[in-house]
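Listing of protein_37.csv, CSV, C-alpha atoms and all ligand atoms
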chain,number,residue,atom,x,y,z
B,198,MET,CA,-17.6,4.9,-21.2
B,199,SER,CA,-17.9,1.9,-19.0
B,200,GLN,CA,-17.4,-1.8,-19.7
B,201,GLN,CA,-19.1,-5.0,-18.7
B,202,VAL,CA,-17.1,-8.0,-17.4
B,203,LYS,CA,-17.6,-11.3,-15.6
B,204,ALA,CA,-17.2,-11.3,-11.8
B,205,VAL,CA,-18.0,-13.3,-8.6
B,206,ILE,CA,-20.3,-11.6,-6.2
B,207,ALA,CA,-21.9,-12.4,-2.8
B,208,ARG,CA,-25.4,-11.2,-3.1
B,209,ALA,CA,-26.8,-12.0,0.3
B,210,LYS,CA,-25.6,-13.2,3.7
B,211,GLY,CA,-24.7,-16.8,3.7
B,212,ALA,CA,-25.8,-17.5,0.1
B,213,PRO,CA,-23.4,-19.2,-2.3
B,214,VAL,CA,-21.4,-16.8,-4.4
B,215,GLU,CA,-22.5,-16.3,-8.0
B,216,VAL,CA,-20.8,-15.5,-11.3
B,217,THR,CA,-22.5,-12.5,-12.9
B,218,THR,CA,-21.8,-9.5,-15.2
B,219,ILE,CA,-20.7,-6.2,-13.6
B,220,VAL,CA,-20.1,-2.7,-14.9
B,221,VAL,CA,-16.6,-1.2,-14.5
B,222,PRO,CA,-16.5,2.6,-15.0
B,223,ASP,CA,-13.6,4.3,-16.8
B,224,PRO,CA,-11.0,5.4,-14.2
B,225,GLY,CA,-11.6,8.8,-12.7
B,226,PRO,CA,-8.9,11.1,-11.3
B,227,GLY,CA,-6.4,9.1,-9.3
B,228,GLU,CA,-7.9,5.8,-10.4
B,229,ALA,CA,-6.9,2.8,-12.5
B,230,VAL,CA,-8.7,0.0,-14.2
B,231,VAL,CA,-6.7,-3.3,-13.9
B,232,LYS,CA,-7.1,-6.3,-16.1
B,233,VAL,CA,-6.9,-9.0,-13.4
B,234,GLN,CA,-4.8,-12.0,-14.2
B,235,ALA,CA,-4.9,-14.0,-11.0
B,236,CYS,CA,-6.6,-13.7,-7.6
B,237,GLY,CA,-6.2,-16.0,-4.6
B,238,VAL,CA,-9.1,-17.2,-2.5
B,239,CYS,CA,-8.7,-15.9,1.0
B,240,HIS,CA,-10.7,-16.6,4.3
B,241,THR,CA,-11.7,-12.9,4.3
B,242,ASP,CA,-13.7,-13.4,1.1
B,243,LEU,CA,-15.7,-16.1,2.9
B,244,HIS,CA,-16.1,-13.8,5.9
B,245,TYR,CA,-17.6,-11.2,3.6
B,246,ARG,CA,-20.0,-13.7,2.2
B,247,GLU,CA,-21.0,-14.8,5.7
B,248,GLY,CA,-21.7,-11.3,6.8
B,249,GLY,CA,-18.8,-11.4,9.3
B,250,ILE,CA,-17.3,-8.1,8.1
B,251,ASN,CA,-20.3,-5.9,7.4
B,252,ASP,CA,-23.7,-6.0,5.8
B,253,GLU,CA,-23.0,-3.9,2.7
B,254,PHE,CA,-24.2,-6.6,0.3
B,255,PRO,CA,-23.7,-7.2,-2.6
B,256,PHE,CA,-19.9,-7.7,-2.3
B,257,LEU,CA,-17.6,-8.0,-5.2
B,258,LEU,CA,-15.2,-10.6,-3.8
B,259,GLY,CA,-11.5,-11.2,-4.3
B,260,HIS,CA,-8.6,-9.1,-3.0
B,261,GLU,CA,-5.3,-11.1,-3.5
B,262,ALA,CA,-4.6,-10.2,-7.0
B,263,ALA,CA,-2.1,-9.3,-9.7
B,264,GLY,CA,-2.8,-8.0,-13.2
B,265,VAL,CA,-1.9,-5.5,-15.9
B,266,VAL,CA,-3.0,-1.8,-15.8
B,267,GLU,CA,-5.4,-1.2,-18.6
B,268,SER,CA,-6.1,2.5,-18.2
B,269,VAL,CA,-5.5,5.3,-15.7
B,270,GLY,CA,-7.4,8.4,-14.9
B,271,GLU,CA,-6.4,12.0,-14.7
B,272,GLY,CA,-3.3,12.9,-12.6
B,273,VAL,CA,-2.1,9.3,-12.2
B,274,THR,CA,1.7,9.1,-12.2
B,275,GLU,CA,2.3,6.0,-10.1
B,276,VAL,CA,1.5,3.5,-12.9
B,277,ALA,CA,0.8,3.5,-16.6
B,278,PRO,CA,-1.1,1.2,-18.9
B,279,GLY,CA,0.8,-2.0,-19.5
B,280,ASP,CA,2.4,-2.1,-16.0
B,281,PHE,CA,2.3,-5.5,-14.2
B,282,VAL,CA,1.1,-4.8,-10.7
B,283,VAL,CA,0.1,-6.3,-7.4
B,284,LEU,CA,-2.9,-4.8,-5.8
B,285,ASN,CA,-3.0,-3.8,-2.1
B,286,TRP,CA,-6.0,-3.0,0.2
B,287,ARG,CA,-5.7,0.8,0.3
B,288,ALA,CA,-3.8,3.7,-1.0
B,289,VAL,CA,-2.1,5.8,1.7
B,290,CYS,CA,-2.6,9.6,1.7
B,291,GLY,CA,1.0,10.8,1.9
B,292,GLN,CA,-0.1,13.8,4.1
B,293,CYS,CA,-1.2,12.6,7.5
B,294,ARG,CA,1.1,12.5,10.5
B,295,SER,CA,2.0,8.8,10.1
B,296,CYS,CA,2.8,9.3,6.4
B,297,ARG,CA,4.9,12.3,7.1
B,298,ARG,CA,6.8,10.5,9.8
B,299,GLY,CA,7.7,7.8,7.3
B,300,ARG,CA,5.3,5.2,8.7
B,301,PRO,CA,2.6,5.0,6.0
B,302,GLN,CA,1.6,1.5,7.4
B,303,TYR,CA,-0.3,3.5,10.0
B,304,CYS,CA,-1.8,6.0,7.7
B,305,PHE,CA,-5.3,7.0,9.0
B,306,ALA,CA,-6.5,8.6,5.8
B,307,THR,CA,-6.2,5.6,3.4
B,308,HIS,CA,-8.5,5.5,0.4
B,309,ASN,CA,-9.8,3.3,-2.4
B,310,ALA,CA,-11.4,4.1,-5.8
B,311,LYS,CA,-14.1,6.8,-5.4
B,312,GLN,CA,-16.3,5.6,-8.2
B,313,LYS,CA,-18.4,2.5,-7.7
B,314,MET,CA,-18.6,-0.7,-9.8
B,315,THR,CA,-22.2,-1.8,-10.2
B,316,LEU,CA,-24.5,-4.7,-11.3
B,317,LEU,CA,-26.2,-4.3,-14.6
B,318,ASP,CA,-29.3,-2.8,-12.8
B,319,GLY,CA,-27.1,-0.1,-11.3
B,320,THR,CA,-26.9,-1.6,-7.8
B,321,GLU,CA,-23.5,-0.5,-6.3
B,322,LEU,CA,-21.0,-3.2,-5.3
B,323,SER,CA,-18.9,-3.2,-2.2
B,324,PRO,CA,-15.4,-4.4,-3.3
B,325,ALA,CA,-13.8,-6.8,-0.8
B,326,LEU,CA,-11.0,-4.9,1.0
B,327,GLY,CA,-11.4,-2.1,-1.5
B,328,ILE,CA,-10.3,-4.3,-4.4
B,329,GLY,CA,-12.9,-6.8,-5.8
B,330,ALA,CA,-10.7,-8.8,-8.1
B,331,PHE,CA,-12.7,-12.0,-8.8
B,332,ALA,CA,-13.4,-10.1,-11.9
B,333,GLU,CA,-11.9,-9.8,-15.4
B,334,LYS,CA,-11.3,-6.2,-14.7
B,335,THR,CA,-11.5,-4.1,-11.6
B,336,LEU,CA,-11.4,-0.4,-10.6
B,337,VAL,CA,-9.0,0.7,-7.9
B,338,ALA,CA,-7.2,3.8,-6.6
B,339,ALA,CA,-3.9,4.1,-8.6
B,340,GLY,CA,-2.1,4.0,-5.2
B,341,GLN,CA,-3.3,0.5,-4.7
B,342,CYS,CA,-1.1,-0.7,-7.6
B,343,THR,CA,2.5,-1.6,-7.1
B,344,LYS,CA,4.7,-2.4,-10.1
B,345,VAL,CA,6.7,-5.7,-9.9
B,346,ASP,CA,8.9,-7.6,-12.3
B,347,PRO,CA,6.5,-9.1,-15.0
B,348,ALA,CA,8.7,-12.2,-15.2
B,349,ALA,CA,6.9,-13.5,-12.1
B,350,SER,CA,3.7,-15.5,-12.7
B,351,PRO,CA,0.5,-13.6,-11.8
B,352,ALA,CA,-0.6,-16.4,-9.5
B,353,VAL,CA,2.5,-16.0,-7.4
B,354,ALA,CA,2.6,-12.2,-7.5
B,355,GLY,CA,-1.1,-11.9,-6.4
B,356,LEU,CA,-0.3,-13.9,-3.2
B,357,LEU,CA,1.6,-10.9,-1.9
B,358,GLY,CA,-1.6,-8.9,-1.9
B,359,CYS,CA,-2.8,-10.5,1.3
B,360,GLY,CA,-2.2,-13.7,3.2
B,361,VAL,CA,1.4,-14.5,2.2
B,362,MET,CA,2.5,-10.9,2.8
B,363,ALA,CA,0.7,-10.9,6.2
B,364,GLY,CA,2.7,-14.0,7.3
B,365,LEU,CA,6.1,-13.0,5.8
B,366,GLY,CA,5.7,-9.5,7.2
B,367,ALA,CA,4.6,-10.8,10.6
B,368,ALA,CA,8.0,-12.6,10.9
B,369,ILE,CA,10.3,-10.1,9.1
B,370,ASN,CA,8.7,-6.7,9.6
B,371,THR,CA,6.8,-6.9,12.9
B,372,GLY,CA,8.8,-9.7,14.6
B,373,GLY,CA,12.2,-8.5,13.3
B,374,VAL,CA,13.4,-12.1,13.0
B,375,GLY,CA,17.2,-12.0,12.5
B,376,ARG,CA,20.1,-14.4,11.8
B,377,GLY,CA,20.4,-17.1,14.4
B,378,ASP,CA,17.0,-16.5,16.1
B,379,SER,CA,14.7,-19.1,17.3
B,380,VAL,CA,11.2,-18.8,16.0
B,381,ALA,CA,7.9,-20.6,16.8
B,382,VAL,CA,4.9,-20.3,14.5
B,383,ILE,CA,1.6,-21.4,15.9
B,384,GLY,CA,-0.9,-22.2,13.2
B,385,CYS,CA,0.7,-23.1,9.8
B,386,GLY,CA,-2.0,-22.3,7.2
B,387,GLY,CA,-1.2,-19.9,4.4
B,388,VAL,CA,-0.3,-17.1,6.9
B,389,GLY,CA,1.7,-19.2,9.4
B,390,GLY,CA,3.4,-21.0,6.5
B,391,ALA,CA,4.5,-17.7,5.1
B,392,ALA,CA,5.9,-16.7,8.5
B,393,VAL,CA,7.9,-19.9,8.5
B,394,MET,CA,9.3,-19.1,5.1
B,395,GLY,CA,10.0,-15.5,6.1
B,396,SER,CA,11.9,-16.7,9.2
B,397,ARG,CA,14.1,-19.0,7.0
B,398,LEU,CA,14.7,-16.1,4.7
B,399,ALA,CA,15.8,-13.9,7.6
B,400,GLY,CA,18.3,-16.6,8.8
B,401,ALA,CA,16.5,-18.0,11.8
B,402,ALA,CA,18.4,-21.0,13.2
B,403,ARG,CA,15.4,-22.9,14.7
B,404,ILE,CA,12.0,-22.7,13.2
B,405,ILE,CA,9.4,-24.6,15.2
B,406,ALA,CA,6.1,-25.1,13.5
B,407,VAL,CA,3.0,-25.8,15.6
B,408,ASP,CA,-0.4,-27.0,14.2
B,409,ILE,CA,-3.1,-29.5,15.0
B,410,ASP,CA,-3.1,-30.9,11.5
B,411,ASP,CA,-0.2,-33.1,10.4
B,412,ARG,CA,-0.7,-32.2,6.8
B,413,LYS,CA,0.1,-28.6,7.7
B,414,LEU,CA,3.2,-29.6,9.6
B,415,GLU,CA,4.5,-31.5,6.6
B,416,THR,CA,4.0,-28.4,4.5
B,417,ALA,CA,5.7,-26.3,7.1
B,418,ARG,CA,8.8,-28.5,6.8
B,419,ARG,CA,8.9,-27.9,3.1
B,420,LEU,CA,8.7,-24.2,3.8
B,421,GLY,CA,11.6,-24.2,6.2
B,422,ALA,CA,10.5,-25.5,9.6
B,423,THR,CA,13.3,-27.3,11.4
B,424,HIS,CA,11.0,-28.8,14.0
B,425,THR,CA,7.3,-29.6,14.1
B,426,VAL,CA,4.9,-30.0,17.1
B,427,ASN,CA,1.4,-31.4,16.8
B,428,SER,CA,-0.4,-29.5,19.6
B,429,ARG,CA,-3.3,-31.9,19.7
B,430,THR,CA,-1.0,-34.5,21.2
B,431,THR,CA,1.9,-32.5,22.7
B,432,ASP,CA,1.9,-29.4,24.9
B,433,PRO,CA,3.3,-26.8,22.5
B,434,VAL,CA,4.6,-24.4,25.2
B,435,GLU,CA,6.6,-27.2,26.8
B,436,ALA,CA,7.8,-28.5,23.4
B,437,ILE,CA,8.9,-25.0,22.3
B,438,ARG,CA,10.8,-24.5,25.6
B,439,GLU,CA,12.5,-27.9,25.2
B,440,LEU,CA,13.5,-27.1,21.7
B,441,THR,CA,15.0,-23.7,22.7
B,442,ASP,CA,17.2,-25.0,25.6
B,443,GLY,CA,14.6,-24.1,28.1
B,444,ASN,CA,14.4,-20.5,27.2
B,445,GLY,CA,11.4,-20.1,24.9
B,446,ALA,CA,11.6,-18.7,21.3
B,447,ASP,CA,13.0,-15.3,20.5
B,448,VAL,CA,10.0,-14.7,18.3
B,449,VAL,CA,6.6,-16.4,18.5
B,450,VAL,CA,4.1,-15.8,15.6
B,451,GLU,CA,0.5,-16.6,16.4
B,452,ALA,CA,-1.4,-17.2,13.1
B,453,VAL,CA,-4.6,-18.8,14.3
B,454,GLY,CA,-6.6,-16.1,16.2
B,455,ARG,CA,-7.9,-18.0,19.2
B,456,PRO,CA,-7.6,-17.4,23.0
B,457,GLU,CA,-5.8,-20.7,23.6
B,458,THR,CA,-3.2,-20.1,20.9
B,459,TYR,CA,-2.7,-16.4,22.0
B,460,LYS,CA,-2.0,-17.8,25.4
B,461,GLN,CA,0.4,-20.4,24.1
B,462,ALA,CA,2.2,-17.7,22.2
B,463,PHE,CA,2.4,-15.5,25.3
B,464,TYR,CA,4.1,-18.3,27.4
B,465,ALA,CA,6.2,-19.8,24.6
B,466,ARG,CA,8.5,-16.8,24.2
B,467,ASP,CA,11.8,-16.1,25.8
B,468,LEU,CA,11.7,-13.6,28.6
B,469,ALA,CA,13.0,-11.0,26.3
B,470,GLY,CA,11.2,-12.4,23.3
B,471,THR,CA,8.6,-10.9,20.9
B,472,VAL,CA,5.1,-12.3,20.4
B,473,VAL,CA,3.6,-11.3,17.1
B,474,LEU,CA,-0.2,-11.7,16.8
B,475,VAL,CA,-1.3,-12.0,13.2
B,476,GLY,CA,-4.3,-14.4,13.7
B,477,VAL,CA,-7.5,-12.3,13.8
B,478,PRO,CA,-9.9,-13.0,16.8
B,479,THR,CA,-13.6,-12.6,16.7
B,480,PRO,CA,-15.2,-9.7,18.7
B,481,GLU,CA,-16.5,-11.9,21.5
B,482,MET,CA,-13.1,-13.5,22.3
B,483,THR,CA,-11.3,-12.6,25.5
B,484,LEU,CA,-8.2,-13.7,27.3
B,485,GLU,CA,-7.5,-13.8,31.0
B,486,LEU,CA,-3.8,-13.7,32.2
B,487,PRO,CA,-2.3,-13.3,35.6
B,488,LEU,CA,-1.0,-9.7,35.7
B,489,LEU,CA,2.1,-10.9,37.4
B,490,ASP,CA,2.9,-12.9,34.3
B,491,VAL,CA,2.4,-9.9,32.1
B,492,PHE,CA,4.4,-7.6,34.4
B,493,GLY,CA,7.1,-10.2,34.9
B,494,ARG,CA,8.2,-10.5,31.3
B,495,GLY,CA,10.1,-8.2,29.1
B,496,GLY,CA,10.2,-8.4,25.4
B,497,ALA,CA,7.2,-7.3,23.4
B,498,LEU,CA,3.7,-8.2,22.5
B,499,LYS,CA,2.8,-6.9,19.1
B,500,SER,CA,0.0,-7.3,16.6
B,501,SER,CA,0.7,-7.3,12.9
B,502,TRP,CA,-1.7,-5.8,10.5
B,503,TYR,CA,-1.0,-6.6,6.8
B,504,GLY,CA,2.5,-7.8,7.9
B,505,ASP,CA,3.4,-4.1,8.6
B,506,CYS,CA,4.2,-4.1,4.9
B,507,LEU,CA,5.2,-1.2,2.7
B,508,PRO,CA,3.9,-2.4,-0.7
B,509,SER,CA,6.3,-0.1,-2.6
B,510,ARG,CA,9.3,-1.6,-0.7
B,511,ASP,CA,8.2,-5.2,0.0
B,512,PHE,CA,6.3,-6.4,-3.1
B,513,PRO,CA,9.1,-5.8,-5.7
B,514,MET,CA,11.7,-7.0,-3.3
B,515,LEU,CA,9.9,-10.3,-2.5
B,516,ILE,CA,9.2,-10.9,-6.2
B,517,ASP,CA,12.9,-10.3,-7.0
B,518,LEU,CA,13.9,-12.8,-4.3
B,519,HIS,CA,11.3,-15.3,-5.7
B,520,LEU,CA,12.7,-14.9,-9.3
B,521,GLN,CA,16.2,-15.5,-7.9
B,522,GLY,CA,15.0,-18.8,-6.5
B,523,ARG,CA,15.4,-17.6,-2.9
B,524,LEU,CA,11.7,-17.6,-2.0
B,525,ASP,CA,9.5,-20.4,-3.1
B,526,LEU,CA,6.2,-18.6,-3.4
B,527,ASP,CA,4.9,-21.4,-5.7
B,528,ALA,CA,4.7,-23.6,-2.7
B,529,PHE,CA,1.6,-21.7,-1.6
B,530,VAL,CA,-0.4,-22.3,-4.8
B,531,THR,CA,-2.1,-25.6,-4.2
B,532,GLU,CA,-4.4,-25.3,-7.2
B,533,THR,CA,-5.3,-22.9,-10.0
B,534,ILE,CA,-9.0,-22.7,-10.8
B,535,GLU,CA,-11.5,-20.8,-13.0
B,536,LEU,CA,-13.7,-17.9,-11.9
B,537,ASP,CA,-16.8,-20.1,-11.6
B,538,ALA,CA,-15.1,-22.5,-9.1
B,539,VAL,CA,-14.7,-20.1,-6.2
B,540,GLU,CA,-17.6,-21.6,-4.2
B,541,GLN,CA,-15.9,-25.1,-4.3
B,542,ALA,CA,-12.6,-23.5,-3.3
B,543,PHE,CA,-14.3,-22.1,-0.2
B,544,GLU,CA,-15.3,-25.6,0.6
B,545,ARG,CA,-11.8,-27.0,0.3
B,546,MET,CA,-10.4,-24.1,2.3
B,547,HIS,CA,-12.9,-24.7,5.0
B,548,HIS,CA,-11.7,-28.3,5.3
B,549,GLY,CA,-8.1,-27.3,5.4
B,550,ASP,CA,-7.3,-29.0,2.2
B,551,VAL,CA,-5.5,-26.1,0.5
B,552,LEU,CA,-3.0,-23.4,1.3
B,553,ARG,CA,-4.3,-21.3,-1.6
B,554,SER,CA,-6.6,-21.8,-4.5
B,555,VAL,CA,-5.8,-19.2,-7.1
B,556,VAL,CA,-8.3,-18.1,-9.8
B,557,ILE,CA,-6.6,-17.5,-13.1
B,558,LEU,CA,-8.3,-15.1,-15.5
M,1,LIG,N1,-3.6,-24.8,17.5
M,1,LIG,C1,-2.7,-24.8,16.4
M,1,LIG,N2,-3.1,-24.6,15.2
M,1,LIG,C2,-4.4,-24.5,14.9
M,1,LIG,C3,-5.4,-24.5,16.0
M,1,LIG,C4,-4.9,-24.6,17.3
M,1,LIG,N3,-5.7,-24.6,18.3
M,1,LIG,N4,-6.6,-24.3,15.4
M,1,LIG,C5,-6.4,-24.3,14.1
M,1,LIG,N5,-5.1,-24.4,13.8
M,1,LIG,C6,-4.4,-24.3,12.5
M,1,LIG,C7,-5.2,-25.0,11.3
M,1,LIG,O1,-5.0,-26.4,11.3
M,1,LIG,C8,-4.6,-24.3,10.1
M,1,LIG,O2,-3.4,-25.0,9.6
M,1,LIG,O3,-4.3,-23.0,12.1
M,1,LIG,C9,-4.1,-22.9,10.7
M,1,LIG,C10,-5.0,-21.8,10.2
M,1,LIG,O4,-4.7,-21.7,8.8
M,1,LIG,P1,-5.8,-21.3,7.7
M,1,LIG,O5,-7.1,-21.8,8.1
M,1,LIG,O6,-5.2,-21.7,6.4
M,1,LIG,O7,-5.8,-19.7,7.9
M,1,LIG,P2,-4.8,-18.6,7.3
M,1,LIG,O8,-5.2,-18.1,6.0
M,1,LIG,O9,-3.4,-19.1,7.5
M,1,LIG,O10,-5.1,-17.4,8.4
M,1,LIG,C11,-4.7,-17.6,9.8
M,1,LIG,O11,-4.4,-15.3,10.2
M,1,LIG,O12,-4.6,-13.3,9.0
M,1,LIG,C12,-5.2,-14.2,9.9
M,1,LIG,O13,-7.6,-14.0,9.4
M,1,LIG,C13,-6.5,-14.8,9.4
M,1,LIG,O14,-7.1,-15.4,11.6
M,1,LIG,C14,-6.6,-15.9,10.4
M,1,LIG,C15,-5.1,-16.4,10.6
M,2,ZN,ZN,-7.1,-11.8,2.4
M,3,ZN,ZN,-1.5,9.1,5.5

Could the structure of this file be written out as structure tokens, please?
Amino acid sequence: MSQQVKAVIARAKGAPVEVTTIVVPDPGPGEAVVKVQACGVCHTDLHYREGGINDEFPFLLGHEAAGVVESVGEGVTEVAPGDFVVLNWRAVCGQCRSCRRGRPQYCFATHNAKQKMTLLDGTELSPALGIGAFAEKTLVAAGQCTKVDPAASPAVAGLLGCGVMAGLGAAINTGGVGRGDSVAVIGCGGVGGAAVMGSRLAGAARIIAVDIDDRKLETARRLGATHTVNSRTTDPVEAIRELTDGNGADVVVEAVGRPETYKQAFYARDLAGTVVLVGVPTPEMTLELPLLDVFGRGGALKSSWYGDCLPSRDFPMLIDLHLQGRLDLDAFVTETIELDAVEQAFERMHHGDVLRSVVIL
């Protein structure tokens, strides 16, 4: 028995998204059907629509979601119907070398639901990042569901499923920001903003926010930045050095994904500092650096994929901190919208007007 629900799909490259009816199968072995309660609008959804990820149209968009488990398939023990869960991009295998070494973030045998959701005519849908949650209900692998405290609002919980986790994790997990550190964050959208917030949570003493948009710098202050630099008018590398007694920052988080900002991040760190690259470049981008500068610096240059998060450890912990009033995740929710307003939300995102629009179902 399958069921039909309302959902947002991208039917063809570049075409506006549309609200339509999709078919969600009953969960098979290891799968779960989740009643989606909230799903944030992320850049990656727009990338899918524009064909920037792959050509497997039609896509079922949405991947930053929280909801309640409706039903589970055979052999599922992780979650049960009624559980309030945050969805993540993929279930890890538990068997591969990385999993067995306790580093499931690097699992190379991740999986999503095996069955396919479809359009009414049977056309198979490609769910964005293996989720597809701009839908009243969605089918995922049970291992993509992480239980969190249901006292949290779905809008806030869903944020942990992508951008906010990527930024928080870039600072805390990948960058290892610690008490007293100086941190610079280049690019303060949703991801960079979360890196600012994570740095404050970790006890950083100086948090320097860099952006070319003053509105983003204002928000960054609210999220915990102690200093702001508009890099349209001020050289950010010089400014970061000045603000760190000439040393450079202990941790620099790059959350833009462009050659010039990668370069700024590289030169803005302390000689023993860490650069964390979380901004995603496009395939044609390259960066030229004098090898002596690469050789002549210690520290570390790291990229951060999904904030190096462990959903089972990080999602419940961050929700608990939020519920205790120690992590203002509400600050990321600029607006809540209905399912049929996703296209307009893309437009506002494109103009930098929002940190996050969140669809409430
Ligand atoms: N220097 C500094 N900041 C910049 C620059 C620049 N040259 N160009 C753009 N920005 C700022 C924008 O003003 C904006 O505030 O970077 C921010 C990017 O934020 P968003 O567009 O909201 O993107 P976000 O969702 O935060 O993602 C940032 O991280 O995970 C990746 O794929 C994601 O590459 C993207 C990046
Ligand atoms: Zn995303
Ligand atoms: Zn594995």

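When atom CA of B:Asn251 is paired with atom CA of B:Ala354, their separation reads 28.0 Å.
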
9 Å shell around ligand LIG 1 (chain M) using only C-alpha atoms and all ligand atoms, listed as number ranges by chain: B: 239-241, 359-361, 363-364, 383-391, 407-414, 427-429, 433, 451-458, 461, 474-479, 501-503, 546-553

Selected residue of minimal separation from B:Glu321 among B:Glu253, B:Ile404, B:Asp537, B:Ala204, counting only C-alpha atoms: B:Glu253

Within 8 Å of ligand ZN 3 (chain M), counting all atoms listed in the file, residues as a ChimeraX atom specification: /B:289-297,301,303-307

Separation of atom CA of B:Gly445 from atom CA of B:Ala497 in Å: 13.6 Å

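In terms of minimum interatomic distance to ligand ZN 2 (chain M), B:Asp242 ranks closest within B:Glu275, B:Glu435, B:Asp242, B:Asp527, counting all atoms listed in the file.
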
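If you measure from each of B:Val220, B:Ala235, B:Leu536, B:Leu486 to B:Thr320 using only C-alpha atoms, the closest one turns out to be B:Val220.
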
Interatomic distance, atom CA of B:Ala288 to atom CA of B:Phe256 (Å, one decimal): 19.8 Å

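For B:Ile328, the non-local neighbours within 10 Å, defined as residues at least 4 positions apart in the same chain or in other chains and counting all atoms listed in the file, are Leu257, Leu258, Gly259, His260, Glu261, Ala262, Leu284, Asn285, Trp286, Arg287, Asn309, Ala310, Ser323, Pro324, Ala332, Thr335, Leu336, Val337, Ala338 and Gln341 of chain B.
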
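In terms of minimum interatomic distance to B:Val216, B:Val539 ranks closest within B:Val539, B:Gly327, B:Glu544, B:Gly421, counting only C-alpha atoms.
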
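Distance annotation: of B:Arg523, B:Arg397, B:Arg298, B:His244, the residue with the minimal separation from ligand ZN 2 (chain M) is B:His244; atom set is all atoms listed in the file.
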
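Nearest residue to ligand ZN 2 (chain M) among B:Val273, B:Leu316, B:Cys236, B:Ala381 is B:Cys236, counting only C-alpha atoms and all ligand atoms.
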
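If you count all atoms listed in the file and ignore residues fewer than 3 places along the chain from B:Val345, what sits within 7 Å of it is Phe281, Val282, Phe512, Pro513 and Ile516 of chain B.
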
Taking only C-alpha atoms, show stretch 381-422 of chain B of the given structure as a tab-separated table (two decimals), in the first residue's frame.
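So selection-v6.tsv came out as:
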chain	number	residue	atom	x	y	z
B	381	ALA	CA	37.68	34.53	11.69
B	382	VAL	CA	34.69	33.54	9.58
B	383	ILE	CA	34.73	34.63	5.93
B	384	GLY	CA	31.23	34.71	4.49
B	385	CYS	CA	28.42	35.01	7.03
B	386	GLY	CA	25.34	33.53	5.39
B	387	GLY	CA	23.56	30.62	7.06
B	388	VAL	CA	26.67	28.46	7.10
B	389	GLY	CA	29.16	31.12	8.18
B	390	GLY	CA	26.65	32.49	10.70
B	391	ALA	CA	26.43	29.05	12.26
B	392	ALA	CA	30.24	28.92	12.41
B	393	VAL	CA	30.16	32.21	14.33
B	394	MET	CA	27.60	30.78	16.72
B	395	GLY	CA	29.58	27.57	17.13
B	396	SER	CA	32.72	29.54	17.91
B	397	ARG	CA	30.92	31.44	20.64
B	398	LEU	CA	29.56	28.19	22.05
B	399	ALA	CA	33.09	26.77	22.13
B	400	GLY	CA	34.37	29.78	24.07
B	401	ALA	CA	36.32	31.66	21.40
B	402	ALA	CA	37.57	34.99	22.73
B	403	ARG	CA	37.61	36.89	19.44
B	404	ILE	CA	35.23	36.13	16.62
B	405	ILE	CA	35.84	38.21	13.51
B	406	ALA	CA	33.03	38.12	10.93
B	407	VAL	CA	33.91	39.02	7.33
B	408	ASP	CA	31.34	39.63	4.58
B	409	ILE	CA	30.66	42.02	1.71
B	410	ASP	CA	27.09	42.65	2.87
B	411	ASP	CA	26.54	44.84	5.94
B	412	ARG	CA	23.23	43.13	6.68
B	413	LYS	CA	25.08	39.85	7.14
B	414	LEU	CA	27.62	41.51	9.39
B	415	GLU	CA	24.84	42.84	11.61
B	416	THR	CA	23.37	39.36	11.90
B	417	ALA	CA	26.81	37.94	12.64
B	418	ARG	CA	27.06	40.31	15.62
B	419	ARG	CA	23.77	38.99	16.93
B	420	LEU	CA	25.10	35.46	16.55
B	421	GLY	CA	28.25	36.20	18.53
B	422	ALA	CA	30.81	38.05	16.39
